[in-house]
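Undergrad: One file: data-v4.cif (mmCIF, C-alpha atoms and all ligand atoms).
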```cif
data_run
#
loop_
_atom_site.label_atom_id
_atom_site.label_comp_id
_atom_site.auth_asym_id
_atom_site.auth_seq_id
_atom_site.Cartn_x
_atom_site.Cartn_y
_atom_site.Cartn_z
CA MET A 37 0.00 0.00 0.00
CA ASP A 38 1.12 3.46 -0.83
CA LYS A 39 2.26 4.97 2.42
CA ASP A 40 0.68 8.27 1.46
CA SER A 41 -2.77 6.72 0.90
CA PRO A 42 -5.60 8.03 3.14
CA LEU A 43 -5.94 4.64 4.91
CA GLU A 44 -2.26 4.47 5.75
CA THR A 45 -2.41 8.04 6.94
CA ARG A 46 -5.35 7.18 9.22
CA VAL A 47 -3.55 4.10 10.60
CA SER A 48 -0.45 6.12 11.27
CA ARG A 49 -2.42 8.80 13.07
CA ARG A 50 -4.19 6.14 15.11
CA LYS A 51 -0.87 4.57 16.11
CA VAL A 52 0.44 7.96 17.09
CA LEU A 53 -2.66 8.70 19.15
CA ILE A 54 -2.48 5.33 20.93
CA ALA A 55 1.22 5.74 21.60
CA GLY A 56 0.63 9.28 22.82
CA GLY A 57 -2.17 8.12 25.09
CA VAL A 58 0.00 5.42 26.63
CA SER A 59 2.89 7.73 27.25
CA ALA A 60 0.58 10.44 28.63
CA ALA A 61 -0.97 7.91 31.02
CA ALA A 62 2.46 6.64 32.06
CA GLY A 63 3.65 10.18 32.70
CA ALA A 64 0.49 11.35 34.51
CA LEU A 65 1.10 12.57 38.03
CA PRO A 66 -0.93 10.92 40.80
CA THR A 67 -3.59 13.15 42.30
CA VAL A 68 -3.60 14.08 45.96
CA ALA A 69 -6.68 11.87 46.37
CA THR A 70 -4.78 8.90 44.88
CA LEU A 71 -1.82 9.52 47.15
CA ALA A 72 -4.03 9.88 50.21
CA ASN A 73 -5.86 6.69 49.28
CA GLU A 74 -2.54 4.83 49.09
CA ALA A 75 -1.55 6.21 52.47
CA THR A 76 -4.72 4.99 54.18
CA THR A 77 -5.69 1.81 52.29
CA PRO A 78 -3.53 -1.22 53.14
CA SER A 79 -4.52 -3.11 49.95
CA VAL A 80 -2.93 -0.46 47.72
CA ALA A 81 -0.24 0.60 50.15
CA ARG A 82 3.27 1.32 48.98
CA PRO A 83 6.01 1.78 51.57
CA ALA A 84 5.62 5.02 53.47
CA VAL A 85 8.14 7.79 53.04
CA MET A 86 8.07 9.82 56.23
CA SER A 87 8.83 13.51 56.44
CA LYS A 88 8.88 16.12 59.16
CA VAL A 89 6.80 19.25 58.78
CA GLN A 90 6.27 22.23 61.04
CA PHE A 91 3.53 24.80 60.83
CA GLU A 92 1.44 26.99 63.06
CA VAL A 93 -2.11 25.84 63.69
CA ASN A 94 -4.50 28.24 65.41
CA GLY A 95 -1.57 30.22 66.79
CA LYS A 96 0.36 27.23 68.18
CA PRO A 97 3.52 25.80 66.61
CA ARG A 98 2.99 22.15 65.67
CA ALA A 99 5.61 19.64 64.51
CA LEU A 100 4.64 16.38 62.85
CA GLU A 101 6.29 13.46 61.18
CA VAL A 102 3.90 12.16 58.53
CA ASP A 103 3.73 9.89 55.52
CA THR A 104 4.43 12.31 52.67
CA ARG A 105 1.07 11.31 51.13
CA THR A 106 -0.89 12.59 54.13
CA THR A 107 -3.31 15.35 53.20
CA LEU A 108 -3.48 18.48 55.28
CA LEU A 109 -7.02 17.42 56.20
CA ASP A 110 -5.85 14.08 57.60
CA ALA A 111 -2.93 15.75 59.38
CA LEU A 112 -5.36 18.09 61.13
CA ARG A 113 -7.97 15.48 61.96
CA GLU A 114 -5.96 12.29 62.53
CA HIS A 115 -2.65 13.63 63.82
CA LEU A 116 -3.65 16.84 65.64
CA ARG A 117 -7.17 15.69 66.60
CA LEU A 118 -8.68 18.90 65.27
CA THR A 119 -11.86 17.26 64.09
CA GLY A 120 -13.80 20.47 63.56
CA THR A 121 -12.63 20.43 59.94
CA LYS A 122 -14.82 17.90 58.17
CA LYS A 123 -14.16 15.30 55.49
CA GLY A 124 -17.07 15.26 53.06
CA CYS A 125 -16.11 14.13 49.58
CA ASP A 126 -12.29 14.00 50.05
CA HIS A 127 -12.09 15.07 46.39
CA GLY A 128 -12.34 18.86 46.35
CA GLN A 129 -16.01 18.94 45.54
CA CYS A 130 -17.87 19.93 48.72
CA GLY A 131 -15.81 22.45 50.69
CA ALA A 132 -16.44 20.76 54.06
CA CYS A 133 -12.66 20.65 54.62
CA THR A 134 -12.05 24.38 54.04
CA VAL A 135 -9.36 25.91 56.25
CA ILE A 136 -7.47 29.19 56.01
CA VAL A 137 -3.78 28.92 55.12
CA ASP A 138 -1.73 32.12 55.17
CA GLY A 139 -4.93 34.12 54.85
CA ARG A 140 -6.40 32.20 51.91
CA ARG A 141 -9.13 29.54 52.07
CA ILE A 142 -8.22 26.17 50.63
CA ASN A 143 -9.66 22.67 50.45
CA SER A 144 -7.45 20.81 52.90
CA CYS A 145 -8.29 17.47 51.26
CA LEU A 146 -6.59 18.62 48.06
CA THR A 147 -3.20 19.47 49.47
CA LEU A 148 -0.47 17.52 51.22
CA ALA A 149 0.57 18.43 54.75
CA VAL A 150 4.26 18.49 53.82
CA MET A 151 3.57 21.27 51.30
CA HIS A 152 2.83 23.70 54.13
CA GLU A 153 6.12 23.99 55.98
CA GLY A 154 6.08 27.24 57.96
CA ALA A 155 2.47 28.07 57.06
CA ARG A 156 -0.07 29.76 59.32
CA ILE A 157 -3.18 27.58 59.39
CA THR A 158 -6.53 28.52 60.91
CA THR A 159 -9.25 25.95 61.44
CA ILE A 160 -12.73 26.44 62.85
CA GLU A 161 -11.29 25.76 66.33
CA GLY A 162 -9.02 28.79 65.93
CA LEU A 163 -11.65 31.31 64.87
CA GLY A 164 -13.43 31.66 68.19
CA THR A 165 -14.22 29.88 71.43
CA PRO A 166 -17.59 28.78 72.81
CA ASP A 167 -17.51 31.82 75.12
CA ARG A 168 -16.19 34.24 72.53
CA LEU A 169 -17.53 33.28 69.14
CA HIS A 170 -16.06 34.83 66.01
CA PRO A 171 -18.63 37.29 64.55
CA MET A 172 -19.23 34.89 61.65
CA GLN A 173 -19.86 31.99 64.06
CA ALA A 174 -22.26 34.16 66.08
CA ALA A 175 -24.08 35.23 62.91
CA PHE A 176 -24.49 31.61 61.77
CA VAL A 177 -26.04 30.80 65.16
CA LYS A 178 -28.29 33.89 65.08
CA HIS A 179 -29.53 33.24 61.54
CA ASP A 180 -29.76 29.43 61.77
CA GLY A 181 -27.15 29.04 59.03
CA TYR A 182 -27.11 25.26 59.38
CA GLN A 183 -29.20 22.17 60.00
CA CYS A 184 -27.02 19.07 60.46
CA GLY A 185 -23.94 21.28 60.81
CA TYR A 186 -21.59 19.04 58.83
CA CYS A 187 -20.73 21.68 56.25
CA THR A 188 -20.73 24.51 58.79
CA PRO A 189 -17.03 24.68 59.81
CA GLY A 190 -16.08 24.84 56.13
CA GLN A 191 -18.80 27.38 55.38
CA ILE A 192 -17.65 29.64 58.22
CA CYS A 193 -13.92 29.42 57.39
CA SER A 194 -14.77 30.06 53.76
CA ALA A 195 -17.02 33.03 54.56
CA VAL A 196 -14.39 34.66 56.80
CA ALA A 197 -11.67 34.34 54.15
CA MET A 198 -14.09 35.33 51.38
CA LEU A 199 -14.86 38.67 53.05
CA GLN A 200 -11.12 39.30 53.31
CA GLU A 201 -10.74 38.51 49.58
CA VAL A 202 -13.37 41.16 48.85
CA LYS A 203 -11.54 43.67 51.06
CA ASP A 204 -8.34 42.85 49.21
CA GLY A 205 -10.05 43.66 45.89
CA ILE A 206 -9.83 40.14 44.50
CA PRO A 207 -12.52 39.75 41.78
CA SER A 208 -14.77 36.72 41.41
CA HIS A 209 -16.08 34.92 38.33
CA VAL A 210 -19.16 37.18 38.23
CA THR A 211 -17.42 40.50 38.90
CA GLU A 212 -18.47 42.68 35.97
CA ASP A 213 -15.85 45.42 36.18
CA LEU A 214 -12.39 44.05 36.91
CA THR A 215 -10.98 47.57 37.25
CA ALA A 216 -13.36 48.50 40.09
CA ARG A 217 -13.20 47.44 43.74
CA SER A 218 -15.43 44.45 44.33
CA THR A 219 -18.85 45.29 45.69
CA LEU A 220 -20.60 42.63 47.66
CA SER A 221 -23.97 41.71 46.25
CA ALA A 222 -25.94 38.57 47.05
CA ALA A 223 -24.96 37.24 43.60
CA GLU A 224 -21.29 37.85 44.40
CA VAL A 225 -21.56 36.06 47.72
CA ARG A 226 -23.36 33.10 46.14
CA GLU A 227 -20.64 32.81 43.49
CA ARG A 228 -17.80 33.23 45.95
CA MET A 229 -19.31 30.65 48.31
CA SER A 230 -20.23 28.20 45.53
CA GLY A 231 -17.41 25.84 46.48
CA ASN A 232 -19.13 25.12 49.79
CA ILE A 233 -22.02 22.74 49.35
CA CYS A 234 -24.77 22.39 51.98
CA ARG A 235 -26.77 19.22 51.57
CA CYS A 236 -29.34 20.53 54.07
CA GLY A 237 -29.92 23.55 51.84
CA ALA A 238 -29.35 26.22 54.48
CA TYR A 239 -28.13 28.63 51.80
CA SER A 240 -30.57 31.49 52.40
CA ASN A 241 -29.75 31.58 56.11
CA ILE A 242 -26.01 31.32 55.39
CA LEU A 243 -26.43 34.32 53.09
CA ASP A 244 -28.23 36.23 55.87
CA ALA A 245 -25.36 35.48 58.27
CA ILE A 246 -22.74 36.69 55.80
CA ASP A 247 -24.89 39.75 55.03
CA GLU A 248 -24.85 40.70 58.69
CA VAL A 249 -21.09 40.30 59.12
CA ALA A 250 -20.41 42.15 55.85
CA GLY A 251 -22.51 45.05 57.11
CA GLY A 252 -25.17 44.69 54.41
CA LEU A 253 -25.01 43.40 50.84
CA ALA A 254 -25.42 45.74 47.88
FE1 LIG B 1 -12.49 18.48 50.77
FE2 LIG B 1 -14.99 17.80 50.11
S1 LIG B 1 -13.75 17.05 51.75
S2 LIG B 1 -13.75 19.39 49.27
FE1 LIG B 2 -26.19 20.04 56.83
FE2 LIG B 2 -25.02 22.08 55.57
S1 LIG B 2 -26.05 22.12 57.47
S2 LIG B 2 -24.89 19.98 55.09
#
```
Turn the structure described in the file into C-alpha cells.
TA:
Amino acid sequence: MDKDSPLETRVSRRKVLIAGGVSAAAGALPTVATLANEATTPSVARPAVMSKVQFEVNGKPRALEVDTRTTLLDALREHLRLTGTKKGCDHGQCGACTVIVDGRRINSCLTLAVMHEGARITTIEGLGTPDRLHPMQAAFVKHDGYQCGYCTPGQICSAVAMLQEVKDGIPSHVTEDLTARSTLSAAEVRERMSGNICRCGAYSNILDAIDEVAGGLA
C-alpha cells in the first residue's frame, strides 16, 4: 500500500494517538486523592516515606512526622485531633474541609501536609471559642445558618476568608468590572461561596449570616 494513501495516513495517526495516550498515562502525576488513598488503604499501600513538617495551627507551633502522602485534612484530623474540619467528599467537591492557610481559604483534602512547611493555618477551632464566638460563628447561630452542621465549619472558614478577599479587591467569576473594587452583592456572595455545598440547603440563612457580618449586601 502506498504509504501516502488516506488509509495508511489514518492508521499512522491512530498509532500515534495510541502511543501518545499510553505515554501520557504513564507520565500522569498521581492526584492528591490517589496519594491519600494509598496512604490509608492497606490493599494499595506502597512503603511510606516519612517527612517532618512544622507549621502553626491556630496560633500554636505544631511539629509532625507524617507519611508524605498525608493530606493536610488528615494531618489536622488524625494527627492533631482537630476534628472540627470535616471530610465530606475527600475530592475537592464539597468544601467541608475548608481551612485558612496564610490568609487564603483552601480545600485541605486537596493538598499535602508536607507542602505547608512554615504556614499559618486557621481551622474552625481557631476562629473563636464557645464563650467568645467569632462574629461569623455568632451570625451563623443567630440566623440558623445550618441544619445538620456538617458543612458549617467549612462554610464559616470560607465566609471569613471570602470577606477578606473582597476587602483585598480580588474579583470573582461574576465580577463585571475588573478595574473596580469588588462590591458585595448577594450574587457575588453566592458565586464566591459556591465551592461550599450544603446538603441541608441552608443557603438562604447562610447568606443572611454573611450579610450581617459584611454590614449589608449591595
Ligand atoms: Fe475536601 Fe470535600 S472534603 S472538598
Ligand atoms: Fe447540613 Fe449544611 S447544614 S450539610
Undergrad: Could I get the residues of chain A with an atom no further than 6 Å from an atom of ligand LIG 1 (chain B), each paired with its nearest atom pair and that distance in Å to one decimal, using only C-alpha atoms and all ligand atoms, sorted by chain and residue number, as a tab-separated table?
TA:
```
residue	atom	partner	partner_atom	distance
A:Lys123	CA	B:LIG1	S1	4.1
A:Gly124	CA	B:LIG1	S1	4.0
A:Cys125	CA	B:LIG1	FE2	3.9
A:Asp126	CA	B:LIG1	S1	3.8
A:His127	CA	B:LIG1	FE2	5.4
A:Gly128	CA	B:LIG1	S2	3.3
A:Gln129	CA	B:LIG1	S2	4.4
A:Cys130	CA	B:LIG1	FE2	3.8
A:Gly131	CA	B:LIG1	S2	4.0
A:Ala132	CA	B:LIG1	S1	5.1
A:Cys133	CA	B:LIG1	FE1	4.4
A:Asn143	CA	B:LIG1	FE1	5.1
A:Ser144	CA	B:LIG1	FE1	5.9
A:Cys145	CA	B:LIG1	FE1	4.3
```
Undergrad: Please extract the residues at most 12 Å from ligand LIG 2 (chain B), counting only C-alpha atoms and all ligand atoms, and provide them as a ChimeraX atom specification, using the chain letters and residue numbers of this document.
TA: /A:122-125,130-132,176-177,180-192,232-242
Undergrad: Using Å and a single decimal, report how far atom CA of Thr119 of chain A sits from atom CA of Met151 of chain A.
TA: 20.4 Å
Undergrad: Can you pull out every residue within 9 Å of segment 193-205 of chain A, counting only C-alpha atoms, but drop anything in the same chain fewer than 4 positions away, and send it as a PDB file with C-alpha atoms, in the coordinates of the input?
TA:
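Result file result-v9.pdb:
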```pdb
ATOM      1  CA  GLY A 131     -15.810  22.450  50.690  1.00  0.00           C
ATOM      2  CA  THR A 134     -12.050  24.380  54.040  1.00  0.00           C
ATOM      3  CA  VAL A 135      -9.360  25.910  56.250  1.00  0.00           C
ATOM      4  CA  ILE A 136      -7.470  29.190  56.010  1.00  0.00           C
ATOM      5  CA  GLY A 139      -4.930  34.120  54.850  1.00  0.00           C
ATOM      6  CA  ARG A 140      -6.400  32.200  51.910  1.00  0.00           C
ATOM      7  CA  ARG A 141      -9.130  29.540  52.070  1.00  0.00           C
ATOM      8  CA  ILE A 142      -8.220  26.170  50.630  1.00  0.00           C
ATOM      9  CA  THR A 158      -6.530  28.520  60.910  1.00  0.00           C
ATOM     10  CA  THR A 159      -9.250  25.950  61.440  1.00  0.00           C
ATOM     11  CA  ILE A 160     -12.730  26.440  62.850  1.00  0.00           C
ATOM     12  CA  LEU A 163     -11.650  31.310  64.870  1.00  0.00           C
ATOM     13  CA  MET A 172     -19.230  34.890  61.650  1.00  0.00           C
ATOM     14  CA  THR A 188     -20.730  24.510  58.790  1.00  0.00           C
ATOM     15  CA  PRO A 189     -17.030  24.680  59.810  1.00  0.00           C
ATOM     16  CA  ALA A 216     -13.360  48.500  40.090  1.00  0.00           C
ATOM     17  CA  ARG A 217     -13.200  47.440  43.740  1.00  0.00           C
ATOM     18  CA  SER A 218     -15.430  44.450  44.330  1.00  0.00           C
ATOM     19  CA  THR A 219     -18.850  45.290  45.690  1.00  0.00           C
ATOM     20  CA  LEU A 220     -20.600  42.630  47.660  1.00  0.00           C
ATOM     21  CA  VAL A 225     -21.560  36.060  47.720  1.00  0.00           C
ATOM     22  CA  ARG A 228     -17.800  33.230  45.950  1.00  0.00           C
ATOM     23  CA  MET A 229     -19.310  30.650  48.310  1.00  0.00           C
ATOM     24  CA  GLY A 231     -17.410  25.840  46.480  1.00  0.00           C
ATOM     25  CA  ASN A 232     -19.130  25.120  49.790  1.00  0.00           C
ATOM     26  CA  ILE A 246     -22.740  36.690  55.800  1.00  0.00           C
ATOM     27  CA  VAL A 249     -21.090  40.300  59.120  1.00  0.00           C
ATOM     28  CA  ALA A 250     -20.410  42.150  55.850  1.00  0.00           C
TER      29      ALA A 250
END
```
Undergrad: For the atom pair atom CA of Leu109 of chain A and atom CA of Thr147 of chain A, what is the interatomic distance in Å to one decimal place?
TA: 8.0 Å
Undergrad: Which residue is closest to Gly164 of chain A? Choose from A:Ser221, A:Val210, A:Asn94, A:Asp244 and count only C-alpha atoms.
TA: A:Asn94
Undergrad: With all atoms listed in the file as the atoms that count, which of A:Pro66, A:Val150, A:Pro171, A:Ala72 lies nearest to Ser87 of chain A?
TA: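 Looking only at the distances to Ser87 of chain A, the closest residue turns out to be A:Val150.
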Undergrad: So which residues touch Val102 of chain A within 7 Å, counting only C-alpha atoms, skipping near sequence neighbours fewer than 3 positions away, as a ChimeraX atom specification?
TA: /A:86-88,106
Undergrad: Record the distance separating atom CA of Arg113 of chain A and atom CA of Gly162 of chain A, expressed in Å with one decimal.
TA: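 A separation of 13.9 Å between them.
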Undergrad: Give the answer as one residue: which of A:Asp167, A:Thr70, A:Ala175, A:Phe91 has the shortest atom-to-atom distance to Gly251 of chain A, using all atoms listed in the file?
TA: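 The shortest atom-to-atom distance to Gly251 of chain A comes from A:Ala175.
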Undergrad: May I ask which of the residues A:Leu253, A:Pro207, A:Gly95, A:Ala149 is the closest one to His115 of chain A, counting only C-alpha atoms?
TA: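 Of A:Leu253, A:Pro207, A:Gly95, A:Ala149, the one nearest His115 of chain A is A:Ala149, counting only C-alpha atoms.
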